[in-house]
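Report on one structure; see the data block that follows.
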Amino acid sequence: MEPQWSDRLRPLAPVLLCAFGLLYAATASAQALSPEVSRGLSWLQSQIQANGSLANEASSVATALQDRSETAQALTALATLPSNLADAIASESDGNTEYLARQAISLIAVGRDASAQINLLLLRRNGDRGFGGGPGFESNPLDTAWAVLALARAGQGAGTPAQDARAYLMASLQSDGGVSAGDDLTRIEYSAAALYALQTAGDGSTATTVRALASWLLQRQGADGSWRGDVYLTAFSVIAVVPTMSDQSVRAAASGFLLARQSAGGSWQDDPFLTAVALRALSIGSASPAAAVLTGKVIDQSTNLALAGVSVSVSGTSSGNATTGSDGRFTVSNLTPGTYSGQVARAGYTTASLSYSVFAGQTLDAGPSRCRRSRRRRSCADA
């Protein structure tokens with residue numbers, strides 16, 4: 001059995017089993033924020049002390065590093081991340097997997113070098129392709145998701161370690177569509193973590209699992225819009241599931257639950273961790289997510305030459321069409337975040353059926369699609 005990190009999370013909230021930093025890149029500017037988000041953002045900014053600590057972190061449901069890194073993610077998305085807060089995050093000496101990932105994500109957000117943290121993370125890879133809480137610790141979906149998200153933010157999302165870790169997450173799914181974990185509360189958290197991490201694949205390899213996880217999470221949203229009546233699990237689940245769907249009612253119901261629990265001062269329970277996560281969930285729920293763009297290139301499998309005039313069509317949460325140019329490239333714009341099936345066709349080639357997954361604001365380069373000539377000369381296929 002894997003040893004437990006005693007300080008991973010303060011045991012003050014029974015449903016908050018392990019905090020998780022979400023990487024949604026909000027597109028809202030300060031001028032476009034709702035009054036509730038603006039009030040919460042002001043409260044969160046007022047928490048930052050001269051040394052980079054947060055005024056209420058001692059009484060938070062989370063640890064100091066979790067508070068600071070969650071606050072950093074909210075400020076990166078909605079305002080500006082102060083250098084003193086980044087300094088405080090970078091100074092954390094605890095080397096567990098979650099903390100290394102949090103440090104890397106926060107440092108990269110302000111343009112700092114995070115290679116040391118990423119290299120240490122890579123040393124945590126286990127033989128089963130997952131990551132545990134520390135060197136030699138048993139793999140689990142939450143730490144593995146953290147590692148994937150940090151690697152993706154560092155530009156290594158297409159590398160073998162990230163691909164292997166996503167394979168571990170997909171293998172963790174149970175027959176009902178949720179990730180394996182001890183109880184239902186833990187399953188919600190782990191499943192949301194895996195769902196968000198799997199969306200970093202970008203090549204359609206995780207699309208089926210993403211759909212299954214999103215469906216499993218949506219089935220567990222309560223009539224009041226929450227997940228188990230908890231601020232953290234609700235905000236966490238919303239941010240993980242929103243990029244996979246276009247149903248505004250899901251976001252609206254969750255936002256209503258969160259807003260009903262915001263204090264007059266703008267915070268959630270005077271807690272920087274809960275406030276930061278809730279703010280990002282609300283910034284997604286208060287407006288339609290940013291459109292995504294899909295690009296790629298079609299080439300002849302036998303000659304590796306670009307193919308012009310190939311018809312590309314995608315359908316899913318929205319739809320779009322394009323035709324490759326002389327360089328074989330195509331672009332499909334204004335896609336709603338979610339999963340898509342695609343058709344690539346040209347006379348003389350067999351027809352391909354492809355899968356893609358895009359999230360809010362993403363420009364996904366799907367890479368080359370290699371088309372094979374058909375003896376019957378009908379249409380285009382992916383090799």
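Ordering of the structure tokens sets the chain letters (A, B, ...); residue numbers start at 1 within each chain; ligands are numbered from 1 in the order shown.
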Subject >> Non-local contacts of Trp227 of chain A (12 Å; only C-alpha atoms; under 2 positions in same chain excluded) as a count of residues only >> reply: 35
Contact residues around Ala162 of chain A with only C-alpha atoms at 8 Å, ignoring same-chain residues under 3 positions, as a PDB file with N, CA and C atoms, in the first residue's frame:
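Wrote out-v8.pdb, looks like this:
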```
ATOM      1  N   ALA A 147       0.993  14.961 -13.020  1.00  0.00           N
ATOM      2  CA  ALA A 147       2.200  14.870 -13.835  1.00  0.00           C
ATOM      3  C   ALA A 147       1.892  15.182 -15.296  1.00  0.00           C
ATOM      4  N   VAL A 148       0.796  14.645 -15.813  1.00  0.00           N
ATOM      5  CA  VAL A 148       0.415  14.904 -17.209  1.00  0.00           C
ATOM      6  C   VAL A 148       0.196  16.391 -17.449  1.00  0.00           C
ATOM      7  N   LEU A 151       3.522  18.270 -17.442  1.00  0.00           N
ATOM      8  CA  LEU A 151       4.276  17.986 -18.670  1.00  0.00           C
ATOM      9  C   LEU A 151       3.659  18.708 -19.859  1.00  0.00           C
ATOM     10  N   ALA A 152       2.331  18.737 -19.930  1.00  0.00           N
ATOM     11  CA  ALA A 152       1.668  19.437 -21.033  1.00  0.00           C
ATOM     12  C   ALA A 152       1.953  20.924 -20.981  1.00  0.00           C
ATOM     13  N   GLN A 156       5.609  19.290 -23.147  1.00  0.00           N
ATOM     14  CA  GLN A 156       5.999  17.900 -23.326  1.00  0.00           C
ATOM     15  C   GLN A 156       4.790  16.970 -23.346  1.00  0.00           C
ATOM     16  N   GLY A 157       3.623  17.524 -23.681  1.00  0.00           N
ATOM     17  CA  GLY A 157       2.404  16.727 -23.669  1.00  0.00           C
ATOM     18  C   GLY A 157       2.370  15.637 -24.714  1.00  0.00           C
ATOM     19  N   ALA A 158       3.158  15.776 -25.789  1.00  0.00           N
ATOM     20  CA  ALA A 158       3.189  14.757 -26.837  1.00  0.00           C
ATOM     21  C   ALA A 158       4.316  13.754 -26.640  1.00  0.00           C
ATOM     22  N   GLY A 159       5.126  13.927 -25.596  1.00  0.00           N
ATOM     23  CA  GLY A 159       6.246  13.028 -25.352  1.00  0.00           C
ATOM     24  C   GLY A 159       5.811  11.691 -24.781  1.00  0.00           C
ATOM     25  N   ALA A 165       1.499   8.089 -19.395  1.00  0.00           N
ATOM     26  CA  ALA A 165       0.689   8.433 -18.226  1.00  0.00           C
ATOM     27  C   ALA A 165      -0.789   8.524 -18.596  1.00  0.00           C
ATOM     28  N   ARG A 166      -1.080   9.057 -19.778  1.00  0.00           N
ATOM     29  CA  ARG A 166      -2.476   9.087 -20.218  1.00  0.00           C
ATOM     30  C   ARG A 166      -2.999   7.657 -20.428  1.00  0.00           C
TER      31      ARG A 166
END
```
Original post:
With distances taken over only C-alpha atoms, which of A:Thr336, A:Gln269, A:Thr208, A:Ser42 is nearest to Gln248 of chain A?
Top reply: A:Thr336
**OP:** Choose the residue, out of A:Gly316, A:Gly95, A:Gly265, A:Gly134, that has the smallest atom-to-atom separation from Thr244 of chain A; count only C-alpha atoms.
**Re:** A:Gly316
**OP:** Determine which residues of segment 208-374 of chain A DSSP labels as helix (DSSP H, G or I) from the backbone of this structure, then write them out as a PyMOL selection string.
**Re:** chain A and resi 208-219+231-244+248-259+272-285
**OP:** Tell me, as JSON, numbers by chain, which residues lie within 12 Å of Val110 of chain A, counting only C-alpha atoms; anything in the same chain fewer than 2 positions away does not count.
**Re:** {"A": [72, 73, 75, 76, 77, 80, 81, 82, 83, 84, 85, 86, 87, 89, 90, 103, 104, 105, 106, 107, 108, 112, 113, 114, 153]}
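Among A:Tyr168, A:Phe330, A:Tyr196, A:Tyr340, the residue with the shortest atom-to-atom distance to Gly367 of chain A, counting only C-alpha atoms, is A:Phe330.
The closest residue to Val344 of chain A, picked from A:Thr295, A:Asn56, A:Ser313, A:Thr331 and counting only C-alpha atoms, is A:Ser313.
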Original post:
In Å, with one decimal, what is the gap from atom CA of Ser34 of chain A to atom CA of Gln262 of chain A?
Top reply: 13.4 Å
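Within segment 134-280 of chain A, DSSP run on the backbone puts these residues in strand (DSSP E or B): Leu173, Val179, Trp227 and Asp230 of chain A.
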**OP:** Excluding Ile118 of chain A and any residue of its chain fewer than 3 positions from it, enumerate the residues within 8 Å of it, using only C-alpha atoms, and give them as a ChimeraX atom specification.
**Re:** /A:100-101,104,114-115,121-122,150-151,154
Store the residues of this selection in a file with N, CA, C and O atoms, as a JSON list (two decimals), in the first residue's frame.
```
[["chain", "number", "residue", "atom", "x", "y", "z"],
["A", 100, "LEU", "N", 5.51, 19.31, -6.88],
["A", 100, "LEU", "CA", 6.40, 19.56, -8.01],
["A", 100, "LEU", "C", 5.61, 20.02, -9.23],
["A", 100, "LEU", "O", 6.01, 20.96, -9.94],
["A", 101, "ALA", "N", 4.49, 19.37, -9.47],
["A", 101, "ALA", "CA", 3.65, 19.76, -10.61],
["A", 101, "ALA", "C", 3.08, 21.15, -10.42],
["A", 101, "ALA", "O", 3.07, 21.97, -11.34],
["A", 104, "ALA", "N", 5.83, 23.70, -11.06],
["A", 104, "ALA", "CA", 6.14, 23.82, -12.48],
["A", 104, "ALA", "C", 5.07, 24.63, -13.21],
["A", 104, "ALA", "O", 5.38, 25.53, -13.99],
["A", 114, "ALA", "N", 11.16, 25.98, -15.33],
["A", 114, "ALA", "CA", 10.65, 24.93, -14.44],
["A", 114, "ALA", "C", 11.29, 23.59, -14.78],
["A", 114, "ALA", "O", 10.75, 22.54, -14.42],
["A", 115, "SER", "N", 12.42, 23.60, -15.47],
["A", 115, "SER", "CA", 13.04, 22.35, -15.89],
["A", 115, "SER", "C", 13.45, 21.48, -14.71],
["A", 115, "SER", "O", 13.39, 20.24, -14.80],
["A", 121, "LEU", "N", 10.00, 15.35, -11.68],
["A", 121, "LEU", "CA", 8.76, 14.63, -11.94],
["A", 121, "LEU", "C", 9.01, 13.38, -12.78],
["A", 121, "LEU", "O", 8.47, 12.31, -12.50],
["A", 122, "LEU", "N", 9.82, 13.52, -13.80],
["A", 122, "LEU", "CA", 10.08, 12.40, -14.70],
["A", 122, "LEU", "C", 10.74, 11.23, -13.98],
["A", 122, "LEU", "O", 10.60, 10.07, -14.40],
["A", 150, "ALA", "N", 1.36, 18.97, -15.78],
["A", 150, "ALA", "CA", 2.62, 19.72, -15.71],
["A", 150, "ALA", "C", 3.45, 19.50, -16.97],
["A", 150, "ALA", "O", 4.03, 20.45, -17.52],
["A", 151, "LEU", "N", 3.52, 18.27, -17.44],
["A", 151, "LEU", "CA", 4.28, 17.99, -18.67],
["A", 151, "LEU", "C", 3.66, 18.71, -19.86],
["A", 151, "LEU", "O", 4.38, 19.25, -20.71],
["A", 154, "ALA", "N", 4.52, 22.29, -19.83],
["A", 154, "ALA", "CA", 5.93, 22.48, -20.16],
["A", 154, "ALA", "C", 6.22, 22.19, -21.63],
["A", 154, "ALA", "O", 7.39, 22.21, -22.04]]
```
Original post:
At what distance in Å, to one decimal, does atom CA of Arg68 of chain A lie from atom CA of Gly52 of chain A?
Top reply: 8.2 Å
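Interatomic distance, atom CA of Ala281 of chain A against atom CA of Ala260 of chain A: 13.8 Å.
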